[in-house]
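J.: This is protein.txt, which holds compact mmCIF, N, CA and C atoms:
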# COMPACT_ATOMS: atom_id res chain seq x y z
N MET A 1 0.86 -1.17 0.00
CA MET A 1 0.00 0.00 0.00
C MET A 1 0.91 1.24 0.00
N ASN A 2 0.63 2.15 -0.90
CA ASN A 2 1.46 3.34 -1.00
C ASN A 2 0.81 4.53 -0.29
N TYR A 3 1.52 5.65 -0.30
CA TYR A 3 1.06 6.85 0.41
C TYR A 3 -0.32 7.29 -0.07
N LYS A 4 -0.53 7.28 -1.38
CA LYS A 4 -1.81 7.74 -1.94
C LYS A 4 -2.95 6.83 -1.50
N ASP A 5 -2.72 5.52 -1.47
CA ASP A 5 -3.75 4.58 -1.00
C ASP A 5 -4.12 4.87 0.45
N ILE A 6 -3.10 5.11 1.27
CA ILE A 6 -3.35 5.41 2.68
C ILE A 6 -4.11 6.72 2.81
N GLU A 7 -3.69 7.72 2.05
CA GLU A 7 -4.37 9.01 2.10
C GLU A 7 -5.85 8.87 1.71
N ASN A 8 -6.12 8.09 0.67
CA ASN A 8 -7.51 7.88 0.26
C ASN A 8 -8.32 7.19 1.35
N LEU A 9 -7.72 6.22 2.03
CA LEU A 9 -8.42 5.55 3.13
C LEU A 9 -8.68 6.53 4.28
N VAL A 10 -7.71 7.39 4.56
CA VAL A 10 -7.89 8.39 5.62
C VAL A 10 -9.05 9.31 5.28
N ILE A 11 -9.11 9.76 4.04
CA ILE A 11 -10.18 10.66 3.62
C ILE A 11 -11.54 9.97 3.74
N GLU A 12 -11.60 8.71 3.30
CA GLU A 12 -12.86 7.96 3.40
C GLU A 12 -13.24 7.73 4.87
N ALA A 13 -12.26 7.38 5.69
CA ALA A 13 -12.53 7.14 7.11
C ALA A 13 -12.99 8.42 7.80
N LYS A 14 -12.39 9.53 7.43
CA LYS A 14 -12.79 10.82 8.01
C LYS A 14 -14.24 11.15 7.66
N ARG A 15 -14.69 10.69 6.51
CA ARG A 15 -16.08 10.89 6.08
C ARG A 15 -17.05 9.91 6.74
N GLY A 16 -16.52 9.00 7.55
CA GLY A 16 -17.38 8.08 8.28
C GLY A 16 -17.41 6.66 7.76
N ASP A 17 -16.53 6.33 6.83
CA ASP A 17 -16.48 4.98 6.27
C ASP A 17 -15.75 4.05 7.24
N ASP A 18 -16.52 3.23 7.95
CA ASP A 18 -15.94 2.33 8.95
C ASP A 18 -15.02 1.29 8.32
N GLU A 19 -15.34 0.85 7.11
CA GLU A 19 -14.51 -0.14 6.44
C GLU A 19 -13.12 0.44 6.12
N ALA A 20 -13.08 1.70 5.71
CA ALA A 20 -11.81 2.36 5.44
C ALA A 20 -10.99 2.48 6.72
N LEU A 21 -11.64 2.81 7.82
CA LEU A 21 -10.94 2.91 9.11
C LEU A 21 -10.39 1.54 9.51
N LEU A 22 -11.17 0.50 9.32
CA LEU A 22 -10.71 -0.85 9.65
C LEU A 22 -9.49 -1.22 8.80
N LYS A 23 -9.51 -0.87 7.52
CA LYS A 23 -8.37 -1.15 6.65
C LYS A 23 -7.12 -0.42 7.14
N LEU A 24 -7.28 0.81 7.59
CA LEU A 24 -6.15 1.55 8.15
C LEU A 24 -5.62 0.87 9.41
N MET A 25 -6.53 0.41 10.25
CA MET A 25 -6.12 -0.25 11.48
C MET A 25 -5.35 -1.53 11.17
N VAL A 26 -5.80 -2.27 10.18
CA VAL A 26 -5.10 -3.49 9.77
C VAL A 26 -3.73 -3.14 9.18
N GLN A 27 -3.69 -2.11 8.36
CA GLN A 27 -2.44 -1.68 7.73
C GLN A 27 -1.39 -1.27 8.77
N PHE A 28 -1.83 -0.57 9.81
CA PHE A 28 -0.89 -0.06 10.80
C PHE A 28 -0.72 -0.97 12.01
N LYS A 29 -1.41 -2.10 12.03
CA LYS A 29 -1.31 -3.03 13.17
C LYS A 29 0.13 -3.44 13.48
N PRO A 30 0.93 -3.87 12.48
CA PRO A 30 2.31 -4.25 12.83
C PRO A 30 3.12 -3.10 13.44
N PHE A 31 2.95 -1.91 12.91
CA PHE A 31 3.66 -0.75 13.45
C PHE A 31 3.22 -0.46 14.88
N ILE A 32 1.93 -0.50 15.13
CA ILE A 32 1.40 -0.22 16.47
C ILE A 32 1.91 -1.26 17.47
N PHE A 33 1.87 -2.55 17.09
CA PHE A 33 2.35 -3.59 18.00
C PHE A 33 3.85 -3.48 18.24
N LYS A 34 4.61 -3.21 17.17
CA LYS A 34 6.06 -3.07 17.32
C LYS A 34 6.40 -1.91 18.24
N THR A 35 5.71 -0.80 18.05
CA THR A 35 5.96 0.37 18.89
C THR A 35 5.56 0.10 20.34
N ALA A 36 4.41 -0.53 20.54
CA ALA A 36 3.95 -0.84 21.90
C ALA A 36 4.93 -1.77 22.60
N ASN A 37 5.48 -2.73 21.87
CA ASN A 37 6.44 -3.66 22.46
C ASN A 37 7.76 -3.01 22.80
N SER A 38 8.05 -1.87 22.20
CA SER A 38 9.34 -1.22 22.45
C SER A 38 9.35 -0.41 23.75
N PHE A 39 8.17 -0.21 24.35
CA PHE A 39 8.08 0.55 25.59
C PHE A 39 7.97 -0.39 26.78
N ASN A 40 8.51 0.04 27.89
CA ASN A 40 8.39 -0.68 29.15
C ASN A 40 7.93 0.33 30.19
N ILE A 41 6.61 0.48 30.30
CA ILE A 41 6.04 1.48 31.19
C ILE A 41 5.36 0.77 32.35
N LYS A 42 5.73 1.16 33.56
CA LYS A 42 5.18 0.54 34.76
C LYS A 42 3.66 0.64 34.75
N ASN A 43 2.99 -0.43 35.12
CA ASN A 43 1.53 -0.55 35.23
C ASN A 43 0.80 -0.54 33.88
N TYR A 44 1.52 -0.67 32.78
CA TYR A 44 0.90 -0.81 31.46
C TYR A 44 1.40 -2.10 30.83
N ASP A 45 0.49 -2.88 30.27
CA ASP A 45 0.96 -4.01 29.50
C ASP A 45 0.88 -3.65 28.02
N THR A 46 1.37 -4.52 27.19
CA THR A 46 1.45 -4.24 25.75
C THR A 46 0.09 -3.91 25.17
N PHE A 47 -0.94 -4.63 25.59
CA PHE A 47 -2.26 -4.40 24.99
C PHE A 47 -2.86 -3.05 25.40
N ASP A 48 -2.50 -2.55 26.57
CA ASP A 48 -2.90 -1.18 26.93
C ASP A 48 -2.28 -0.19 25.95
N LEU A 49 -1.01 -0.40 25.66
CA LEU A 49 -0.31 0.51 24.75
C LEU A 49 -0.82 0.37 23.31
N VAL A 50 -1.21 -0.84 22.93
CA VAL A 50 -1.80 -1.05 21.60
C VAL A 50 -3.10 -0.27 21.50
N GLN A 51 -3.91 -0.31 22.54
CA GLN A 51 -5.16 0.45 22.54
C GLN A 51 -4.89 1.94 22.39
N ILE A 52 -3.89 2.42 23.08
CA ILE A 52 -3.51 3.83 22.97
C ILE A 52 -3.06 4.14 21.54
N GLY A 53 -2.36 3.20 20.92
CA GLY A 53 -1.93 3.38 19.54
C GLY A 53 -3.10 3.48 18.58
N TYR A 54 -4.11 2.63 18.77
CA TYR A 54 -5.30 2.69 17.91
C TYR A 54 -6.08 3.99 18.14
N ILE A 55 -6.15 4.42 19.37
CA ILE A 55 -6.83 5.69 19.66
C ILE A 55 -6.09 6.84 18.97
N ALA A 56 -4.77 6.80 19.01
CA ALA A 56 -3.98 7.84 18.33
C ALA A 56 -4.22 7.82 16.83
N LEU A 57 -4.35 6.63 16.25
CA LEU A 57 -4.64 6.52 14.82
C LEU A 57 -5.99 7.14 14.49
N ILE A 58 -7.00 6.82 15.28
CA ILE A 58 -8.34 7.37 15.06
C ILE A 58 -8.32 8.89 15.21
N ASN A 59 -7.63 9.39 16.22
CA ASN A 59 -7.52 10.84 16.40
C ASN A 59 -6.81 11.50 15.23
N ALA A 60 -5.78 10.85 14.71
CA ALA A 60 -5.05 11.40 13.56
C ALA A 60 -5.95 11.47 12.33
N VAL A 61 -6.79 10.45 12.13
CA VAL A 61 -7.74 10.48 11.02
C VAL A 61 -8.70 11.65 11.19
N ASP A 62 -9.22 11.82 12.39
CA ASP A 62 -10.17 12.91 12.65
C ASP A 62 -9.55 14.29 12.41
N LYS A 63 -8.26 14.43 12.70
CA LYS A 63 -7.60 15.73 12.58
C LYS A 63 -6.96 15.97 11.21
N TYR A 64 -6.99 14.96 10.35
CA TYR A 64 -6.31 15.08 9.05
C TYR A 64 -6.91 16.20 8.21
N LYS A 65 -6.00 16.98 7.62
CA LYS A 65 -6.39 18.04 6.68
C LYS A 65 -5.48 17.92 5.47
N ARG A 66 -6.05 18.08 4.30
CA ARG A 66 -5.25 18.01 3.07
C ARG A 66 -4.34 19.17 2.94
What do you get writing this file as structure tokens?
T.:
Amino acid sequence: MNYKDIENLVIEAKRGDDEALLKLMVQFKPFIFKTANSFNIKNYDTFDLVQIGYIALINAVDKYKR
């Protein structure tokens, strides 16, 4: 998937397309898990950090401007 494909999914997700948002979540899943695993934060497990990563992705979609 290239930059333009991702941008198109972001635009569709921002318009409320849940399928586009799901595709973005699947696309970025390895990055989110890798990043979450790289942190060692007291009282947080990896899945807490993964959830934070997905929330950050959703917030980024909402704030995206061309």
J.: Report as an MDAnalysis selection string: the residues of chain A with a DSSP assignment of helix (DSSP H, G or I), based on the backbone of this structure.
T.: chainID A and resid 3:14 18:37 46:63
J.: Compute the distance from (-3.3, -0.6, 13.3) to each atom, counting only C-alpha atoms, keep the residues with any atom at most 12 Å away, and return them as a ChimeraX atom specification; use the coordinates of the file.
T.: /A:20-36,49-58
J.: Give me, please, the distance in Å between atom CA of A:Lys63 and atom CA of A:Asp18, quoted to one decimal.
T.: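 Atom-to-atom, atom CA of A:Lys63 and atom CA of A:Asp18 are spaced 16.2 Å apart.
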J.: Give as a PDB file with N, CA and C atoms, in the frame of the given file each residue that has an atom at most 6 Å from (-11.8, 11.2, 8.1) in the file, counting only C-alpha atoms.
T.:
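Dumped everything to part19.pdb:
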ATOM      1  N   VAL A  10      -7.710   7.390   4.560  1.00  0.00           N
ATOM      2  CA  VAL A  10      -7.890   8.390   5.620  1.00  0.00           C
ATOM      3  C   VAL A  10      -9.050   9.310   5.280  1.00  0.00           C
ATOM      4  N   ILE A  11      -9.110   9.760   4.040  1.00  0.00           N
ATOM      5  CA  ILE A  11     -10.180  10.660   3.620  1.00  0.00           C
ATOM      6  C   ILE A  11     -11.540   9.970   3.740  1.00  0.00           C
ATOM      7  N   GLU A  12     -11.600   8.710   3.300  1.00  0.00           N
ATOM      8  CA  GLU A  12     -12.860   7.960   3.400  1.00  0.00           C
ATOM      9  C   GLU A  12     -13.240   7.730   4.870  1.00  0.00           C
ATOM     10  N   ALA A  13     -12.260   7.380   5.690  1.00  0.00           N
ATOM     11  CA  ALA A  13     -12.530   7.140   7.110  1.00  0.00           C
ATOM     12  C   ALA A  13     -12.990   8.420   7.800  1.00  0.00           C
ATOM     13  N   LYS A  14     -12.390   9.530   7.430  1.00  0.00           N
ATOM     14  CA  LYS A  14     -12.790  10.820   8.010  1.00  0.00           C
ATOM     15  C   LYS A  14     -14.240  11.150   7.660  1.00  0.00           C
ATOM     16  N   ARG A  15     -14.690  10.690   6.510  1.00  0.00           N
ATOM     17  CA  ARG A  15     -16.080  10.890   6.080  1.00  0.00           C
ATOM     18  C   ARG A  15     -17.050   9.910   6.740  1.00  0.00           C
ATOM     19  N   VAL A  61      -6.790  10.450  12.130  1.00  0.00           N
ATOM     20  CA  VAL A  61      -7.740  10.480  11.020  1.00  0.00           C
ATOM     21  C   VAL A  61      -8.700  11.650  11.190  1.00  0.00           C
ATOM     22  N   ASP A  62      -9.220  11.820  12.390  1.00  0.00           N
ATOM     23  CA  ASP A  62     -10.170  12.910  12.650  1.00  0.00           C
ATOM     24  C   ASP A  62      -9.550  14.290  12.410  1.00  0.00           C
TER      25      ASP A  62
END
J.: In Å, how far is it from atom CA of A:Lys4 to atom N of A:Lys65?
T.: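 Between atom CA of A:Lys4 and atom N of A:Lys65 the gap is 13.9 Å.
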J.: In Å, how far is it from atom CA of A:Arg66 to atom CA of A:Glu7?
T.: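 Distance reported for this atom pair: 9.1 Å.
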J.: Would you compute an axis-aligned box for stretch 4-11 of chain A, covering every atom listed for it in the file with 8 Å of margin on each side, and report centre and edge lengths in Å to one decimal as JSON?
T.:
{"center_x": -6.0, "center_y": 7.6, "center_z": 1.8, "size_x": 27.0, "size_y": 22.1, "size_z": 23.6}
